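Undergrad: Just so it is clear, I am handing over upload-v7.cif, which has mmCIF, C-alpha atoms.
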data_run
loop_
_atom_site.label_atom_id
_atom_site.label_comp_id
_atom_site.auth_asym_id
_atom_site.auth_seq_id
_atom_site.Cartn_x
_atom_site.Cartn_y
_atom_site.Cartn_z
CA MET A 1 8.99 27.34 222.36
CA GLN A 2 8.62 29.45 219.24
CA VAL A 3 7.80 27.72 215.97
CA GLY A 4 8.37 29.63 212.76
CA ILE A 5 6.39 28.49 209.72
CA ILE A 6 7.45 29.57 206.26
CA GLY A 7 4.41 29.36 204.00
CA ILE A 8 1.05 29.68 205.74
CA GLY A 9 -1.10 27.49 203.52
CA LEU A 10 -3.09 24.33 204.13
CA ILE A 11 -0.26 22.35 205.74
CA GLY A 12 1.58 25.18 207.48
CA GLY A 13 -1.67 26.72 208.72
CA SER A 14 -3.09 23.41 209.95
CA MET A 15 0.14 22.72 211.83
CA ALA A 16 -0.04 26.17 213.40
CA ILE A 17 -3.58 25.58 214.69
CA ASP A 18 -2.84 22.34 216.53
CA LEU A 19 0.69 23.14 217.71
CA LYS A 20 -0.68 26.22 219.50
CA LYS A 21 -3.96 24.68 220.64
CA ARG A 22 -2.23 21.59 222.05
CA LYS A 23 0.40 23.67 223.89
CA PHE A 24 3.42 22.47 221.92
CA ALA A 25 4.28 26.04 220.91
CA ASP A 26 3.96 29.14 223.07
CA ARG A 27 4.28 31.37 220.04
CA ILE A 28 3.97 30.83 216.31
CA VAL A 29 5.32 33.26 213.74
CA GLY A 30 4.84 33.09 210.01
CA VAL A 31 6.79 34.08 206.93
CA GLU A 32 4.54 34.69 203.95
CA ASP A 33 5.36 36.61 200.75
CA ASP A 34 1.76 36.66 199.53
CA HIS A 35 0.19 39.74 201.13
CA LEU A 36 -3.34 38.33 200.95
CA HIS A 37 -2.24 35.07 202.59
CA ALA A 38 -0.28 36.94 205.25
CA THR A 39 -3.26 39.15 206.11
CA ALA A 40 -5.62 36.18 206.22
CA ALA A 41 -3.25 34.15 208.44
CA LEU A 42 -3.20 37.00 210.96
CA GLU A 43 -6.93 37.70 210.84
CA ILE A 44 -7.83 34.01 211.17
CA GLY A 45 -5.39 33.73 214.06
CA LEU A 46 -3.15 31.04 212.58
CA VAL A 47 0.00 32.92 213.64
CA ASP A 48 0.84 35.45 216.33
CA GLU A 49 2.86 37.59 213.95
CA ILE A 50 4.08 37.76 210.36
CA VAL A 51 7.84 38.36 210.36
CA SER A 52 10.75 38.49 207.95
CA LEU A 53 12.71 35.36 207.12
CA GLU A 54 15.65 36.66 209.16
CA GLU A 55 13.47 37.32 212.23
CA CYS A 56 11.92 33.89 211.90
CA ILE A 57 15.32 32.18 211.78
CA SER A 58 16.87 34.12 214.66
CA GLY A 59 13.90 33.86 217.04
CA SER A 60 12.51 30.37 216.45
CA ASP A 61 13.38 27.05 218.04
CA ILE A 62 11.85 25.10 215.14
CA ILE A 63 11.63 26.40 211.58
CA VAL A 64 9.12 24.60 209.36
CA VAL A 65 9.49 25.10 205.61
CA ALA A 66 5.96 24.63 204.25
CA THR A 67 6.41 26.02 200.75
CA PRO A 68 6.19 24.26 197.38
CA VAL A 69 9.23 22.03 196.90
CA SER A 70 10.65 24.30 194.17
CA ALA A 71 10.90 27.12 196.73
CA ALA A 72 11.98 24.81 199.57
CA ILE A 73 15.03 23.62 197.61
CA ARG A 74 16.23 27.22 197.39
CA LEU A 75 15.23 28.20 200.93
CA ILE A 76 16.57 25.34 203.05
CA PRO A 77 20.28 25.87 202.25
CA ARG A 78 19.86 29.61 202.93
CA ILE A 79 18.23 28.91 206.26
CA LEU A 80 20.88 26.39 207.25
CA ASP A 81 23.53 29.03 206.51
CA LYS A 82 22.11 31.12 209.36
CA VAL A 83 21.24 28.63 212.10
CA ASP A 84 23.16 27.44 215.13
CA ARG A 85 20.84 25.89 217.72
CA GLN A 86 17.63 25.97 215.61
CA VAL A 87 16.08 22.84 214.16
CA VAL A 88 14.89 23.12 210.55
CA THR A 89 12.35 20.77 208.97
CA ASP A 90 10.20 20.67 205.86
CA VAL A 91 6.87 19.15 204.83
CA CYS A 92 7.55 18.56 201.12
CA SER A 93 6.15 15.63 199.16
CA THR A 94 9.54 14.81 197.62
CA LYS A 95 12.65 14.22 199.68
CA GLU A 96 15.59 12.93 197.63
CA LYS A 97 16.51 16.17 195.80
CA ILE A 98 16.38 18.18 199.02
CA ASN A 99 18.63 15.70 200.80
CA GLU A 100 21.10 15.66 197.92
CA ILE A 101 21.40 19.45 197.88
CA ILE A 102 22.17 19.81 201.61
CA HIS A 103 24.01 16.53 202.16
CA TYR A 104 27.39 18.24 202.68
CA HIS A 105 26.11 21.41 204.31
CA PRO A 106 28.01 22.13 207.56
CA ASN A 107 24.70 22.49 209.42
CA ARG A 108 23.09 19.41 207.86
CA LYS A 109 22.54 17.92 211.32
CA ASN A 110 20.17 20.78 212.18
CA PHE A 111 17.81 19.65 209.40
CA VAL A 112 15.18 16.90 209.67
CA ALA A 113 13.62 15.86 206.37
CA ALA A 114 9.95 15.13 206.99
CA HIS A 115 6.64 14.70 205.22
CA PRO A 116 3.27 14.68 207.00
CA MET A 117 1.06 12.50 204.80
CA ALA A 118 -2.09 14.58 205.07
CA GLY A 119 -3.92 17.19 203.07
CA THR A 120 -6.98 18.18 201.09
CA GLU A 121 -7.52 19.50 197.59
CA TYR A 122 -7.74 23.08 198.90
CA SER A 123 -4.95 25.59 199.46
CA GLY A 124 -4.22 28.85 201.23
CA PRO A 125 -4.53 29.83 204.92
CA TRP A 126 -8.35 29.66 204.82
CA ALA A 127 -8.02 25.94 203.98
CA ALA A 128 -6.25 25.21 207.29
CA LEU A 129 -8.05 22.68 209.49
CA PRO A 130 -7.69 21.53 213.09
CA GLY A 131 -7.03 17.80 213.43
CA LEU A 132 -5.84 17.45 209.83
CA PHE A 133 -2.91 15.23 210.86
CA ASP A 134 -4.63 13.04 213.45
CA GLY A 135 -3.88 9.37 212.81
CA ARG A 136 -1.92 10.05 209.62
CA ALA A 137 1.63 8.95 208.85
CA GLY A 138 4.46 11.35 209.58
CA ILE A 139 7.52 10.35 207.54
CA ILE A 140 11.02 11.20 208.77
CA CYS A 141 13.69 10.56 206.13
CA ASN A 142 17.42 9.91 206.50
CA ALA A 143 17.23 10.41 210.26
CA GLU A 144 20.81 9.19 210.66
CA ASP A 145 22.03 12.34 208.87
CA SER A 146 20.37 14.55 211.49
CA ASP A 147 21.33 15.26 215.07
CA PHE A 148 19.56 12.84 217.42
CA ARG A 149 18.11 15.71 219.48
CA ALA A 150 16.80 17.40 216.33
CA VAL A 151 15.03 14.20 215.27
CA GLU A 152 13.55 13.77 218.74
CA LEU A 153 12.25 17.35 218.71
CA ILE A 154 10.52 16.91 215.34
CA LYS A 155 9.21 13.53 216.48
CA SER A 156 7.69 15.20 219.55
CA MET A 157 6.09 17.79 217.26
CA TYR A 158 4.48 15.04 215.17
CA ASP A 159 3.45 13.23 218.37
CA CYS A 160 1.61 16.41 219.34
CA LEU A 161 -0.14 16.30 215.97
CA ASN A 162 -1.17 12.67 216.71
CA MET A 163 0.76 11.29 213.77
CA ARG A 164 2.24 7.79 213.31
CA ILE A 165 5.99 8.18 212.88
CA ILE A 166 7.61 6.16 210.08
CA TYR A 167 11.34 6.25 209.35
CA MET A 168 12.39 5.85 205.74
CA ARG A 169 15.18 6.54 203.27
CA ALA A 170 14.48 9.56 201.07
CA ALA A 171 14.79 7.52 197.86
CA HIS A 172 12.28 4.94 199.12
CA HIS A 173 9.91 7.70 200.21
CA ASP A 174 9.88 9.20 196.73
CA VAL A 175 9.14 5.83 195.10
CA HIS A 176 6.28 5.12 197.51
CA THR A 177 4.69 8.58 197.21
CA ALA A 178 4.81 8.31 193.41
CA TYR A 179 2.56 5.25 193.71
CA VAL A 180 0.21 6.30 196.50
CA SER A 181 -0.05 10.04 195.99
CA HIS A 182 1.47 11.49 192.86
CA ILE A 183 -0.20 9.12 190.37
CA SER A 184 -3.55 9.72 192.07
CA HIS A 185 -3.27 13.42 191.38
CA ILE A 186 -2.19 12.92 187.76
CA SER A 187 -5.13 10.54 187.22
CA SER A 188 -7.52 13.08 188.67
CA PHE A 189 -6.10 15.94 186.59
CA ALA A 190 -6.33 13.80 183.43
CA LEU A 191 -9.92 12.76 184.15
CA ALA A 192 -10.94 16.36 184.76
CA LEU A 193 -9.32 17.44 181.48
CA THR A 194 -11.08 14.59 179.64
CA VAL A 195 -14.50 15.52 180.99
CA LEU A 196 -13.97 19.25 180.50
CA GLU A 197 -13.05 18.58 176.87
CA LYS A 198 -16.19 16.49 176.30
CA GLU A 199 -18.40 18.85 178.27
CA LYS A 200 -17.97 21.50 175.61
CA ASN A 201 -20.50 19.57 173.51
CA GLU A 202 -22.48 17.71 176.17
CA LYS A 203 -23.67 20.14 178.80
CA ASN A 204 -25.50 17.50 180.82
CA ILE A 205 -22.35 15.61 181.86
CA PHE A 206 -21.99 17.56 185.08
CA ASP A 207 -25.74 17.32 185.75
CA LEU A 208 -25.31 13.54 185.76
CA ALA A 209 -22.12 13.51 187.84
CA SER A 210 -22.53 11.33 190.94
CA GLY A 211 -20.50 10.64 194.05
CA GLY A 212 -18.15 8.33 192.18
CA PHE A 213 -17.15 11.05 189.75
CA SER A 214 -16.85 13.68 192.48
CA SER A 215 -14.59 11.53 194.65
CA THR A 216 -12.41 10.49 191.70
CA VAL A 217 -11.93 14.00 190.33
CA ARG A 218 -11.68 15.75 193.72
CA LEU A 219 -7.89 15.99 193.58
CA ALA A 220 -8.09 17.91 190.30
CA LYS A 221 -8.87 20.99 192.40
CA SER A 222 -5.34 20.83 193.85
CA ASN A 223 -2.92 23.72 193.52
CA ALA A 224 -0.82 23.78 190.33
CA ASP A 225 1.99 25.79 191.93
CA MET A 226 2.47 22.98 194.44
CA TRP A 227 2.02 19.93 192.23
CA ALA A 228 3.95 20.84 189.07
CA PRO A 229 7.25 21.07 191.03
CA ILE A 230 6.49 17.79 192.82
CA PHE A 231 6.15 15.97 189.49
CA SER A 232 9.37 17.58 188.25
CA GLN A 233 11.38 16.75 191.36
CA ASN A 234 10.13 13.15 191.37
CA LYS A 235 10.26 12.80 187.58
CA GLU A 236 11.91 9.36 187.28
CA ASN A 237 9.56 7.66 189.72
CA VAL A 238 6.47 9.41 188.35
CA LEU A 239 7.32 8.41 184.77
CA THR A 240 7.81 4.77 185.83
CA VAL A 241 4.44 4.73 187.56
CA LEU A 242 2.79 6.44 184.57
CA ASP A 243 4.13 3.74 182.24
CA THR A 244 2.51 1.04 184.38
CA TYR A 245 -0.71 3.04 184.69
CA ILE A 246 -0.95 3.56 180.92
CA GLU A 247 -0.29 -0.16 180.41
CA LYS A 248 -3.27 -1.00 182.65
CA LEU A 249 -5.48 1.49 180.81
CA GLN A 250 -4.48 -0.17 177.53
CA GLU A 251 -5.46 -3.58 178.93
CA PHE A 252 -8.91 -2.25 179.79
CA LYS A 253 -9.18 -0.66 176.35
CA LYS A 254 -8.20 -3.91 174.62
CA HIS A 255 -10.66 -6.15 176.50
CA ILE A 256 -13.52 -3.67 176.19
CA GLY A 257 -12.83 -3.21 172.48
CA GLU A 258 -12.93 -6.98 171.95
CA TYR A 259 -16.21 -7.41 173.91
CA ASP A 260 -14.15 -9.57 176.28
CA GLU A 261 -16.20 -9.36 179.48
CA GLU A 262 -14.19 -12.12 181.14
CA GLY A 263 -11.01 -10.18 180.51
CA VAL A 264 -12.55 -7.05 182.04
CA LYS A 265 -13.83 -9.05 185.00
CA ASN A 266 -10.37 -10.46 185.65
CA LEU A 267 -8.89 -6.98 185.67
CA ILE A 268 -11.57 -5.82 188.12
CA TYR A 269 -11.14 -8.91 190.32
CA ASN A 270 -7.42 -8.26 190.50
CA ALA A 271 -8.06 -4.60 191.28
CA ASN A 272 -10.41 -5.64 194.09
CA LYS A 273 -7.38 -7.03 195.93
CA ILE A 274 -6.67 -3.45 196.98
CA LYS A 275 -9.23 -4.13 199.74
CA ARG A 276 -6.48 -6.02 201.56
CA ILE A 277 -4.61 -2.72 201.93
CA ILE A 278 -7.39 -0.10 202.00
CA ARG A 279 -10.66 -0.88 203.71
#
Let me see whether you can do it: turn the structure in this file into structure tokens.
TA:
Amino acid sequence: MQVGIIGIGLIGGSMAIDLKKRKFADRIVGVEDDHLHATAALEIGLVDEIVSLEECISGSDIIVVATPVSAAIRLIPRILDKVDRQVVTDVCSTKEKINEIIHYHPNRKNFVAAHPMAGTEYSGPWAALPGLFDGRAGIICNAEDSDFRAVELIKSMYDCLNMRIIYMRAAHHDVHTAYVSHISHISSFALALTVLEKEKNEKNIFDLASGGFSSTVRLAKSNADMWAPIFSQNKENVLTVLDTYIEKLQEFKKHIGEYDEEGVKNLIYNANKIKRIIR
């Protein structure tokens, strides 16, 4: 089994570590345009070899597209043009646009749309971690559009990564990720910008920063090249979630401005209900 990974960053590199270590893949090759990333991936030992896109396609049993979604949308149709037996999958955080673009491709059944719900705020091959996917959700979208054997192969790959497989429509996936992932990143970016703006005049803000601030703003370290295309591709859902989020911020602003502690308490009590979902 040869697995080819296009884009050796946090997700692609972490997959490479465990797929090789856990004996799913005999050989892992990488495609990486960034020379520094390619050199690091080889020196760290994430891949056995850096190859061209054509070599990756022709020699691999599974091809994993682990690039930003803006690049994946261009790459996946090109890859599907050249496959016969190979199974192609992606790890992108948005799914509907990709599925729309390749819906009528003659090799559509070779593609399995997937999203491993795991990650950190860091990027690049040096951010790759063993065990990153253990216990996390592995989403497979629009499985009925893919060949059954292709779906089973990707499922076995995620089983090797110790992920919980969830089947979902691409449109539903994009709605859900807007709520549980994309808005979290926007909130963190906005908070970081707010504090950085204020910090120009109050140098002690970061001296006073505690664990609460650090955990809330952690995602603001995330890679812009990855997240800007995600927000664009999932624009409608992200804007809907932002409207609701802004509405809740306005409610807090109103009650605080009116010295309405009961109103603030009610908002907090209602927010506490999240404990039913996240413990």
Undergrad: Report the closest atom pair, with its distance in Å rounded to one decimal, for each residue of range 122-199 of chain A that has an atom no farther than 8 Å from range 89-93 of chain A; count only C-alpha atoms, sort by chain and then rising residue number, and write it as JSON lines.
TA:
{"residue": "A:Ile154", "atom": "CA", "partner": "A:Thr89", "partner_atom": "CA", "distance": 7.7}
{"residue": "A:Asp174", "atom": "CA", "partner": "A:Ser93", "partner_atom": "CA", "distance": 7.8}
{"residue": "A:Thr177", "atom": "CA", "partner": "A:Ser93", "partner_atom": "CA", "distance": 7.5}
Undergrad: From the options A:Leu75, A:Asp134, A:Ile63, A:Ser187, which residue's atoms come nearest to Val112 in chain A, counting only C-alpha atoms?
TA: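 Comparing A:Leu75, A:Asp134, A:Ile63, A:Ser187 against Val112 in chain A, the winner is A:Ile63.
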Undergrad: Pick out the residues sitting within 7 Å of range 29-45 of chain A, and hand them over as an NGL selection string; count all atoms listed in the file, and ignore anything fewer than 5 positions along from it in its own chain.
TA: :A and (3-8 or 50-53 or 56 or 124-125)
Undergrad: Mind giving me the straight-line distance from CA of Thr240 in chain A to CA of Leu10 in chain A in Å, one decimal?
TA: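 CA of Leu10 in chain A lies at a distance of 28.9 Å from CA of Thr240 in chain A.
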Undergrad: Take CA of Val238 in chain A and CA of Ile101 in chain A and report the distance between them in Å, one decimal.
TA: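 These atoms are spaced 20.4 Å apart.
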Undergrad: Once you add 8 Å to each side, what are the centre and edge lengths of the axis-aligned box holding all listed atoms of range 68-83 of chain A? One decimal in Å, as AutoDock Vina command-line options, if you can.
TA:
--center_x 14.9 --center_y 26.6 --center_z 203.1 --size_x 33.3 --size_y 25.1 --size_z 33.9
Undergrad: Please list, as a list in words, the residues that have an atom at most 12 Å away from (-3.9, 25.6, 190.2) in the coordinates of this file, counting only C-alpha atoms.
TA: Glu121, Tyr122, Ser123, Gly124, Phe189, Leu219, Ala220, Lys221, Ser222, Asn223, Ala224, Asp225, Met226, Trp227 and Ala228 of chain A
Undergrad: Give as a ChimeraX atom specification the residues that the PyMOL selection byres ((chain A and resi 48) around 6) matches when applied to the coordinates above.
TA: /A:28-29,47,49
Undergrad: Can you give me, as an NGL selection string, the residues this file yields under the PyMOL selection byres ((chain A and resi 190) around 12)?
TA: :A and (183-189 or 191-197 or 216-221 or 242 or 246)
Undergrad: For CA of Arg74 in chain A and CA of Val241 in chain A, quote the distance in Å rounded to one decimal.
TA: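 Those two atoms sit 27.2 Å apart.
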Undergrad: The PyMOL selection byres ((chain A and resi 113) around 9) - which residues does that actually catch in the file I just gave you? List them as a list in words.
TA: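 For this structure, the PyMOL selection byres ((chain A and resi 113) around 9) resolves to Val88, Thr89, Asp90, Val91, Cys92, Lys95, Ile98, Asn99, Phe111, Val112, Ala114, His115, Ile139, Ile140, Cys141, Asn142, Ala143, Ser146 and Ala170 of chain A.
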Undergrad: Find the residue from A:Ile268, A:Leu249, A:Val175, A:Met1 that sits nearest to Asn237 in chain A; use only C-alpha atoms when measuring.
TA: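 Nearest to Asn237 in chain A: A:Val175.
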Undergrad: Using only C-alpha atoms, which of the listed residues (A:Ala118, A:Val264, A:Val83, A:Val65) sits closest to Gly138 in chain A?
TA: A:Ala118
